[in-house]
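Asks: Pasting a structure below so you can have a look.
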Amino acid sequence: MSNLRKTADALEKAMNAVFTFCGFLAVAFVLVITAFLVISGVPAIGEIGIWDFLFGRVWASTAAEPRYGILPFILTSVYGTAGAIVIGVPVGLMCAVYLAKMSGGKSAGIVRTAVDLLSGIPSVVYGLLGMIIIVPLVREIFNLPDGANLFSAIIVLAVMILPSVISVSETAIKAVPKEYEEASLALGATKTETVFKVIVPAAKSGILTAVVLGIGRAIGEAMAVMMVSGNVANMPSLFQSVRFLTTAVASEMSYSSGLQRQALFSIALVLFVFILIINLILNLVVKRGGKNE
Amino acid sequence: MKKLATMLLAVGMSAAIAGCGGTARTTDGAAQTVSTDGSTSMEKVIGYLSEAYMAENSNAKITYNPTGSGAGIQAAAEGRCDIGLSSRDLKPEEAETLDGTVIAIDGIAMIVNPQNPVSDLTIEQIGRLYKGEISNWSEVGGSDAPVVLIGREAASGTRDGFEAITGTEGECKYTQELTSTGDVVQTVSSNPNAIGYASLASVKDSVKLLSVEGVTPSTETIQNGTYKIQRDFVFVTPKDKELSEAARAFMDYATSEAADEMIEKAGAVPVKR
């Protein structure tokens, strides 16, 4: 009996160690990635000069006199993400309202399955569809010489952030106490008024979380935007070919060498800082939301 | 039922044994492995060459890692592979420590949309088109429409070759910079005003092949040099280190006349001897 207990104890201890190890493994990965990005990204910034790097308007990495200004990429990423949020969040929010409040059982099931599927589609497929359908369509509708531009990228990104926006805001809307809604309806408010004046404000922090998640997804997307944005390092404008932070790294990495390669790591570091900031904001939003309730 | 299970087990076991044998053999022949690393444009050429070579030398194994010319040259310099593959000639500072051996020539084809009436351009016209000095197709005999310039990402071997030959280094006003030849062909085939460049081997019927200065790209015109937009496919090896026996044998094969047929099959052009 005591023997049995001993083995059980030993097993318990061993499993404890395994769990702890796996827990710290995730932390280790983050630390290693951070250390790697800082170590490989900082030298080039030092060599180029942080001002010239972050605010330089010209990126010509393979020219005879190379220039490494990434302001075009930073602005493109910011504008592209903002555009995706402006289009994606209202659509996603209203879809979430439909799922949570308006739909009957069966149709909600269909929509929800579709949304889940949407989130499972690989980004290269979004890119491919964007390249074959959206790019020519944008070219024809706006009568442009070419349709691969910031606008096409925004459309694709807006679709890509829908699933996370929808599912998070649906959860937030469902968490609003039923009494709020009933009280509003009892006071004579219409359903639409109730949704926009009672439910959405009450679910505010959850919806904000959805927005921040959407920003995170949009700013980190590389494959799909690479296929629809044209990838030329122009200062961003809506109907011009642009290059994002992510695609700047991805498109040149395989052929790069020397300072060019180091500069790509520096871009990755900038992108990493952006993601860190977004995560911090997300934590703040979630914490504040928790306090309010 | 039991019999079937036994049979399955037997089959499985023999497969496992055969598998072990296989592994044992490769470990045995580790010295026979030749690793190549580099240019994605050379994928087809290397594929055909290594297949034919391995068919003749059953204990040889050629591996290929498609990383790009820059990475391939670097890998050769750092000794991470036996032979680096580059679809551009070595830069002077690279040539200090590395040897380049041209094994084939690649014609860079100019392609336009099939709807485009233009069928011939001079190198000067191509240069001016890509520099943005000519921005309407009517200036080179086409219809009145804006020119859409499709190119490859910075430091792509194809772009490097194209810009060097047309004298447009760093001055191209690209509308799109795409990361693969397939993307270039796809984009040109879907935009009536687009022009692009791609390896002759990867040009498909969905786009129209242009002749340059009156010469249509083909094996013959590339080999005799009349088709001007062409570049070398290069095997890169370190100067200060002796090649392994297997790598030397593969290189001898790749530069021999026997390899010409395979290079042609891969859509590139053999070096004229």
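Ordered as shown in the structure tokens, chains take letters A, B, and onward, while each chain numbers its residues from 1 and ligands are numbered from 1 in the order shown.
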Taking only C-alpha atoms into account, which residues of chain B are within 9 Å of chain A, as a PDB file with N, CA and C atoms, in the first residue's frame?
Replies:
```pdb
ATOM      1  N   GLY B  38      20.122  27.913 -52.861  1.00  0.00           N
ATOM      2  CA  GLY B  38      20.138  29.225 -53.513  1.00  0.00           C
ATOM      3  C   GLY B  38      18.979  29.516 -54.436  1.00  0.00           C
ATOM      4  N   SER B  39      19.293  30.156 -55.542  1.00  0.00           N
ATOM      5  CA  SER B  39      18.332  30.749 -56.468  1.00  0.00           C
ATOM      6  C   SER B  39      17.052  29.940 -56.682  1.00  0.00           C
ATOM      7  N   THR B  67      16.385  29.109 -51.559  1.00  0.00           N
ATOM      8  CA  THR B  67      16.399  30.238 -50.624  1.00  0.00           C
ATOM      9  C   THR B  67      16.597  31.578 -51.318  1.00  0.00           C
ATOM     10  N   GLY B  68      17.028  31.561 -52.579  1.00  0.00           N
ATOM     11  CA  GLY B  68      17.335  32.817 -53.261  1.00  0.00           C
ATOM     12  C   GLY B  68      18.834  32.963 -53.478  1.00  0.00           C
ATOM     13  N   SER B  69      19.183  33.723 -54.525  1.00  0.00           N
ATOM     14  CA  SER B  69      20.598  33.831 -54.909  1.00  0.00           C
ATOM     15  C   SER B  69      21.469  34.328 -53.770  1.00  0.00           C
ATOM     16  N   GLY B  70      21.027  35.417 -53.100  1.00  0.00           N
ATOM     17  CA  GLY B  70      21.826  36.003 -52.031  1.00  0.00           C
ATOM     18  C   GLY B  70      22.110  34.985 -50.943  1.00  0.00           C
ATOM     19  N   ALA B  71      21.073  34.295 -50.522  1.00  0.00           N
ATOM     20  CA  ALA B  71      21.207  33.311 -49.452  1.00  0.00           C
ATOM     21  C   ALA B  71      22.082  32.150 -49.896  1.00  0.00           C
ATOM     22  N   GLY B  72      21.978  31.760 -51.167  1.00  0.00           N
ATOM     23  CA  GLY B  72      22.774  30.649 -51.683  1.00  0.00           C
ATOM     24  C   GLY B  72      24.255  30.982 -51.687  1.00  0.00           C
ATOM     25  N   GLN B  74      25.674  33.193 -49.818  1.00  0.00           N
ATOM     26  CA  GLN B  74      26.082  33.260 -48.409  1.00  0.00           C
ATOM     27  C   GLN B  74      26.326  31.852 -47.849  1.00  0.00           C
ATOM     28  N   ALA B 145      -3.415  53.895 -73.581  1.00  0.00           N
ATOM     29  CA  ALA B 145      -3.700  53.373 -72.247  1.00  0.00           C
ATOM     30  C   ALA B 145      -2.459  53.523 -71.379  1.00  0.00           C
ATOM     31  N   PRO B 146      -2.634  53.707 -70.064  1.00  0.00           N
ATOM     32  CA  PRO B 146      -1.469  53.851 -69.186  1.00  0.00           C
ATOM     33  C   PRO B 146      -0.683  52.546 -69.097  1.00  0.00           C
ATOM     34  N   VAL B 147       0.629  52.661 -68.904  1.00  0.00           N
ATOM     35  CA  VAL B 147       1.479  51.480 -68.762  1.00  0.00           C
ATOM     36  C   VAL B 147       1.513  51.061 -67.293  1.00  0.00           C
ATOM     37  N   VAL B 148       1.274  49.792 -67.036  1.00  0.00           N
ATOM     38  CA  VAL B 148       1.354  49.264 -65.673  1.00  0.00           C
ATOM     39  C   VAL B 148       2.586  48.365 -65.584  1.00  0.00           C
ATOM     40  N   ILE B 150       5.005  45.798 -63.979  1.00  0.00           N
ATOM     41  CA  ILE B 150       5.052  44.729 -62.993  1.00  0.00           C
ATOM     42  C   ILE B 150       6.489  44.246 -62.885  1.00  0.00           C
ATOM     43  N   GLU B 153      10.535  41.689 -56.468  1.00  0.00           N
ATOM     44  CA  GLU B 153      10.987  42.386 -55.263  1.00  0.00           C
ATOM     45  C   GLU B 153      12.479  42.707 -55.357  1.00  0.00           C
ATOM     46  N   ALA B 154      12.910  43.700 -54.586  1.00  0.00           N
ATOM     47  CA  ALA B 154      14.315  44.106 -54.597  1.00  0.00           C
ATOM     48  C   ALA B 154      15.201  42.902 -54.326  1.00  0.00           C
ATOM     49  N   ALA B 155      16.310  42.815 -55.048  1.00  0.00           N
ATOM     50  CA  ALA B 155      17.298  41.753 -54.846  1.00  0.00           C
ATOM     51  C   ALA B 155      16.858  40.392 -55.352  1.00  0.00           C
ATOM     52  N   SER B 156      15.748  40.329 -56.046  1.00  0.00           N
ATOM     53  CA  SER B 156      15.425  39.085 -56.745  1.00  0.00           C
ATOM     54  C   SER B 156      16.438  38.945 -57.871  1.00  0.00           C
ATOM     55  N   GLY B 157      16.860  37.720 -58.148  1.00  0.00           N
ATOM     56  CA  GLY B 157      17.851  37.515 -59.202  1.00  0.00           C
ATOM     57  C   GLY B 157      17.338  37.979 -60.548  1.00  0.00           C
ATOM     58  N   GLU B 169      18.853  50.231 -63.098  1.00  0.00           N
ATOM     59  CA  GLU B 169      19.067  49.885 -61.689  1.00  0.00           C
ATOM     60  C   GLU B 169      18.592  50.983 -60.747  1.00  0.00           C
ATOM     61  N   GLY B 170      17.682  50.609 -59.889  1.00  0.00           N
ATOM     62  CA  GLY B 170      17.218  51.529 -58.854  1.00  0.00           C
ATOM     63  C   GLY B 170      16.323  52.649 -59.362  1.00  0.00           C
ATOM     64  N   GLU B 171      16.009  52.652 -60.661  1.00  0.00           N
ATOM     65  CA  GLU B 171      15.221  53.755 -61.194  1.00  0.00           C
ATOM     66  C   GLU B 171      13.839  53.310 -61.646  1.00  0.00           C
ATOM     67  N   LYS B 173      10.084  52.540 -61.890  1.00  0.00           N
ATOM     68  CA  LYS B 173       8.880  53.055 -61.218  1.00  0.00           C
ATOM     69  C   LYS B 173       7.815  51.970 -61.233  1.00  0.00           C
ATOM     70  N   TYR B 174       8.042  50.924 -60.476  1.00  0.00           N
ATOM     71  CA  TYR B 174       7.134  49.790 -60.506  1.00  0.00           C
ATOM     72  C   TYR B 174       5.742  50.161 -60.004  1.00  0.00           C
ATOM     73  N   THR B 175       4.735  49.554 -60.623  1.00  0.00           N
ATOM     74  CA  THR B 175       3.392  49.642 -60.078  1.00  0.00           C
ATOM     75  C   THR B 175       3.195  48.524 -59.062  1.00  0.00           C
ATOM     76  N   GLN B 176       3.785  47.373 -59.352  1.00  0.00           N
ATOM     77  CA  GLN B 176       3.700  46.267 -58.407  1.00  0.00           C
ATOM     78  C   GLN B 176       5.037  45.550 -58.337  1.00  0.00           C
ATOM     79  N   GLU B 177       5.435  45.200 -57.112  1.00  0.00           N
ATOM     80  CA  GLU B 177       6.620  44.370 -56.943  1.00  0.00           C
ATOM     81  C   GLU B 177       6.163  43.053 -56.343  1.00  0.00           C
ATOM     82  N   LEU B 178       6.241  41.997 -57.126  1.00  0.00           N
ATOM     83  CA  LEU B 178       5.707  40.715 -56.684  1.00  0.00           C
ATOM     84  C   LEU B 178       6.844  39.767 -56.321  1.00  0.00           C
ATOM     85  N   THR B 179       6.515  38.773 -55.507  1.00  0.00           N
ATOM     86  CA  THR B 179       7.586  37.943 -54.962  1.00  0.00           C
ATOM     87  C   THR B 179       7.768  36.621 -55.686  1.00  0.00           C
ATOM     88  N   ASP B 183       3.344  34.888 -59.793  1.00  0.00           N
ATOM     89  CA  ASP B 183       2.510  36.061 -59.516  1.00  0.00           C
ATOM     90  C   ASP B 183       2.609  37.077 -60.645  1.00  0.00           C
ATOM     91  N   GLN B 186       0.587  35.805 -63.571  1.00  0.00           N
ATOM     92  CA  GLN B 186      -0.844  35.919 -63.239  1.00  0.00           C
ATOM     93  C   GLN B 186      -1.321  37.363 -63.342  1.00  0.00           C
ATOM     94  N   THR B 187      -0.535  38.291 -62.800  1.00  0.00           N
ATOM     95  CA  THR B 187      -0.945  39.690 -62.797  1.00  0.00           C
ATOM     96  C   THR B 187      -0.979  40.263 -64.214  1.00  0.00           C
ATOM     97  N   SER B 190      -3.976  39.265 -66.128  1.00  0.00           N
ATOM     98  CA  SER B 190      -5.282  39.777 -65.721  1.00  0.00           C
ATOM     99  C   SER B 190      -5.407  41.289 -65.887  1.00  0.00           C
ATOM    100  N   ASN B 191      -4.325  41.981 -66.271  1.00  0.00           N
ATOM    101  CA  ASN B 191      -4.410  43.427 -66.478  1.00  0.00           C
ATOM    102  C   ASN B 191      -4.016  43.767 -67.914  1.00  0.00           C
ATOM    103  N   ASN B 193      -3.184  46.353 -69.419  1.00  0.00           N
ATOM    104  CA  ASN B 193      -2.151  47.361 -69.646  1.00  0.00           C
ATOM    105  C   ASN B 193      -0.807  47.011 -69.017  1.00  0.00           C
ATOM    106  N   ALA B 194      -0.690  45.798 -68.528  1.00  0.00           N
ATOM    107  CA  ALA B 194       0.507  45.443 -67.763  1.00  0.00           C
ATOM    108  C   ALA B 194       1.626  44.938 -68.657  1.00  0.00           C
TER     109      ALA B 194
END
```
Asks: Give me, as a tab-separated table (two decimals) with C-alpha atoms, in the first residue's frame, all polymer residues having an atom no more than 8 Å from Ser143 (chain B), counting only C-alpha atoms and skipping those fewer than 2 positions away in the same chain.
Replies:
```
chain	number	residue	atom	x	y	z
B	116	ASN	CA	-1.94	44.39	-76.01
B	117	PRO	CA	-1.22	45.12	-79.73
B	137	TRP	CA	1.29	52.54	-74.57
B	138	SER	CA	0.53	54.79	-77.58
B	141	GLY	CA	2.81	51.81	-80.95
B	145	ALA	CA	-3.70	53.37	-72.25
```
Asks: What does the distance between CA of Gly196 (chain B) and CA of Ile229 (chain B) come to in Å, to one decimal place?
Replies: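 Computing the Euclidean distance for CA of Gly196 (chain B) and CA of Ile229 (chain B) yields 12.9 Å.
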Asks: Would you return as a PyMOL selection string the members of region 6-124 of chain A that DSSP assigns to strand (DSSP E) on this structure's backbone?
Replies: chain A and resi 59-60+67-68
Asks: How about saving the chosen residues, N, CA, C and O atoms kept, as a short mmCIF file (atom, residue, chain, number, x, y, z; two decimals), in the first residue's frame?
Replies:
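Here's the written file selection-v6.cif:
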```
data_model
loop_
_atom_site.label_atom_id
_atom_site.label_comp_id
_atom_site.auth_asym_id
_atom_site.auth_seq_id
_atom_site.Cartn_x
_atom_site.Cartn_y
_atom_site.Cartn_z
N TRP A 59 12.86 54.12 -49.20
CA TRP A 59 13.42 52.80 -48.98
C TRP A 59 13.98 52.32 -50.32
O TRP A 59 13.25 52.11 -51.27
N ALA A 60 15.30 52.24 -50.39
CA ALA A 60 15.94 51.72 -51.60
C ALA A 60 17.06 50.82 -51.15
O ALA A 60 18.22 51.21 -51.12
N ARG A 67 19.22 53.34 -49.17
CA ARG A 67 18.56 54.16 -48.16
C ARG A 67 17.50 53.34 -47.46
O ARG A 67 16.77 52.57 -48.08
N TYR A 68 17.47 53.47 -46.16
CA TYR A 68 16.59 52.62 -45.37
C TYR A 68 15.62 53.45 -44.53
O TYR A 68 15.74 53.50 -43.32
#
```
Asks: List the neighbours of region 159-162 of chain B out to 9 Å using only C-alpha atoms; skip same-chain residues closer than 4 positions along the sequence, and give me the result as a PDB file with N, CA, C and O atoms, in the first residue's frame.
Replies:
```pdb
ATOM      1  N   SER B  87      21.491  33.089 -59.597  1.00  0.00           N
ATOM      2  CA  SER B  87      21.046  33.439 -60.943  1.00  0.00           C
ATOM      3  C   SER B  87      21.525  34.839 -61.312  1.00  0.00           C
ATOM      4  O   SER B  87      20.929  35.512 -62.123  1.00  0.00           O
ATOM      5  N   ARG B  88      22.571  35.291 -60.658  1.00  0.00           N
ATOM      6  CA  ARG B  88      23.262  36.501 -61.106  1.00  0.00           C
ATOM      7  C   ARG B  88      24.755  36.237 -60.982  1.00  0.00           C
ATOM      8  O   ARG B  88      25.185  35.359 -60.245  1.00  0.00           O
ATOM      9  N   ASP B  89      25.558  37.011 -61.707  1.00  0.00           N
ATOM     10  CA  ASP B  89      27.002  36.851 -61.580  1.00  0.00           C
ATOM     11  C   ASP B  89      27.434  37.351 -60.211  1.00  0.00           C
ATOM     12  O   ASP B  89      26.766  38.193 -59.603  1.00  0.00           O
ATOM     13  N   ILE B 108      15.471  36.221 -70.023  1.00  0.00           N
ATOM     14  CA  ILE B 108      14.396  36.914 -69.319  1.00  0.00           C
ATOM     15  C   ILE B 108      13.420  37.426 -70.370  1.00  0.00           C
ATOM     16  O   ILE B 108      13.777  38.259 -71.201  1.00  0.00           O
ATOM     17  N   GLY B 151       6.979  44.120 -61.648  1.00  0.00           N
ATOM     18  CA  GLY B 151       8.354  43.660 -61.474  1.00  0.00           C
ATOM     19  C   GLY B 151       8.474  42.716 -60.298  1.00  0.00           C
ATOM     20  O   GLY B 151       7.477  42.304 -59.712  1.00  0.00           O
ATOM     21  N   ARG B 152       9.716  42.383 -59.956  1.00  0.00           N
ATOM     22  CA  ARG B 152       9.967  41.505 -58.824  1.00  0.00           C
ATOM     23  C   ARG B 152      10.487  42.320 -57.643  1.00  0.00           C
ATOM     24  O   ARG B 152      10.831  43.488 -57.789  1.00  0.00           O
ATOM     25  N   GLU B 153      10.535  41.689 -56.468  1.00  0.00           N
ATOM     26  CA  GLU B 153      10.987  42.386 -55.263  1.00  0.00           C
ATOM     27  C   GLU B 153      12.479  42.707 -55.357  1.00  0.00           C
ATOM     28  O   GLU B 153      13.211  42.064 -56.108  1.00  0.00           O
ATOM     29  N   ALA B 154      12.910  43.700 -54.586  1.00  0.00           N
ATOM     30  CA  ALA B 154      14.315  44.106 -54.597  1.00  0.00           C
ATOM     31  C   ALA B 154      15.201  42.902 -54.326  1.00  0.00           C
ATOM     32  O   ALA B 154      14.867  42.057 -53.508  1.00  0.00           O
ATOM     33  N   ALA B 155      16.310  42.815 -55.048  1.00  0.00           N
ATOM     34  CA  ALA B 155      17.298  41.753 -54.846  1.00  0.00           C
ATOM     35  C   ALA B 155      16.858  40.392 -55.352  1.00  0.00           C
ATOM     36  O   ALA B 155      17.527  39.408 -55.124  1.00  0.00           O
ATOM     37  N   THR B 166      18.884  46.340 -68.770  1.00  0.00           N
ATOM     38  CA  THR B 166      18.167  47.464 -69.370  1.00  0.00           C
ATOM     39  C   THR B 166      18.671  48.811 -68.830  1.00  0.00           C
ATOM     40  O   THR B 166      18.170  49.857 -69.234  1.00  0.00           O
ATOM     41  N   GLY B 167      19.656  48.774 -67.947  1.00  0.00           N
ATOM     42  CA  GLY B 167      20.221  50.016 -67.418  1.00  0.00           C
ATOM     43  C   GLY B 167      19.228  50.812 -66.587  1.00  0.00           C
ATOM     44  O   GLY B 167      19.165  52.025 -66.658  1.00  0.00           O
ATOM     45  N   THR B 168      18.444  50.126 -65.788  1.00  0.00           N
ATOM     46  CA  THR B 168      17.420  50.818 -65.004  1.00  0.00           C
ATOM     47  C   THR B 168      17.614  50.595 -63.506  1.00  0.00           C
ATOM     48  O   THR B 168      16.679  50.737 -62.732  1.00  0.00           O
ATOM     49  N   GLU B 169      18.853  50.231 -63.098  1.00  0.00           N
ATOM     50  CA  GLU B 169      19.067  49.885 -61.689  1.00  0.00           C
ATOM     51  C   GLU B 169      18.592  50.983 -60.747  1.00  0.00           C
ATOM     52  O   GLU B 169      19.059  52.111 -60.797  1.00  0.00           O
ATOM     53  N   TYR B 197       8.330  41.032 -66.490  1.00  0.00           N
ATOM     54  CA  TYR B 197       9.434  40.188 -66.950  1.00  0.00           C
ATOM     55  C   TYR B 197       9.461  38.905 -66.139  1.00  0.00           C
ATOM     56  O   TYR B 197       9.075  38.894 -64.972  1.00  0.00           O
ATOM     57  N   ALA B 198       9.882  37.821 -66.796  1.00  0.00           N
ATOM     58  CA  ALA B 198       9.902  36.526 -66.126  1.00  0.00           C
ATOM     59  C   ALA B 198      10.864  35.609 -66.869  1.00  0.00           C
ATOM     60  O   ALA B 198      11.176  35.848 -68.035  1.00  0.00           O
ATOM     61  N   ILE B 229      18.205  40.187 -73.485  1.00  0.00           N
ATOM     62  CA  ILE B 229      17.887  40.147 -72.058  1.00  0.00           C
ATOM     63  C   ILE B 229      18.084  38.728 -71.529  1.00  0.00           C
ATOM     64  O   ILE B 229      17.180  37.904 -71.537  1.00  0.00           O
ATOM     65  N   GLN B 230      19.283  38.435 -71.120  1.00  0.00           N
ATOM     66  CA  GLN B 230      19.606  37.101 -70.616  1.00  0.00           C
ATOM     67  C   GLN B 230      20.587  37.207 -69.461  1.00  0.00           C
ATOM     68  O   GLN B 230      21.276  38.201 -69.294  1.00  0.00           O
ATOM     69  N   ARG B 231      20.606  36.165 -68.636  1.00  0.00           N
ATOM     70  CA  ARG B 231      21.521  36.160 -67.486  1.00  0.00           C
ATOM     71  C   ARG B 231      22.052  34.745 -67.267  1.00  0.00           C
ATOM     72  O   ARG B 231      21.502  33.784 -67.798  1.00  0.00           O
ATOM     73  N   ASP B 232      23.095  34.655 -66.443  1.00  0.00           N
ATOM     74  CA  ASP B 232      23.736  33.363 -66.224  1.00  0.00           C
ATOM     75  C   ASP B 232      23.178  32.661 -64.991  1.00  0.00           C
ATOM     76  O   ASP B 232      22.808  33.295 -64.016  1.00  0.00           O
TER      77      ASP B 232
END
```
Asks: Mind the document's chain letters and residue numbers, and return as a PyMOL selection string the residues of region 16-164 of chain A that DSSP labels helix (DSSP H, G or I).
Replies: chain A and resi 16-48+50-55+71-102+105-120+123-141+150-164
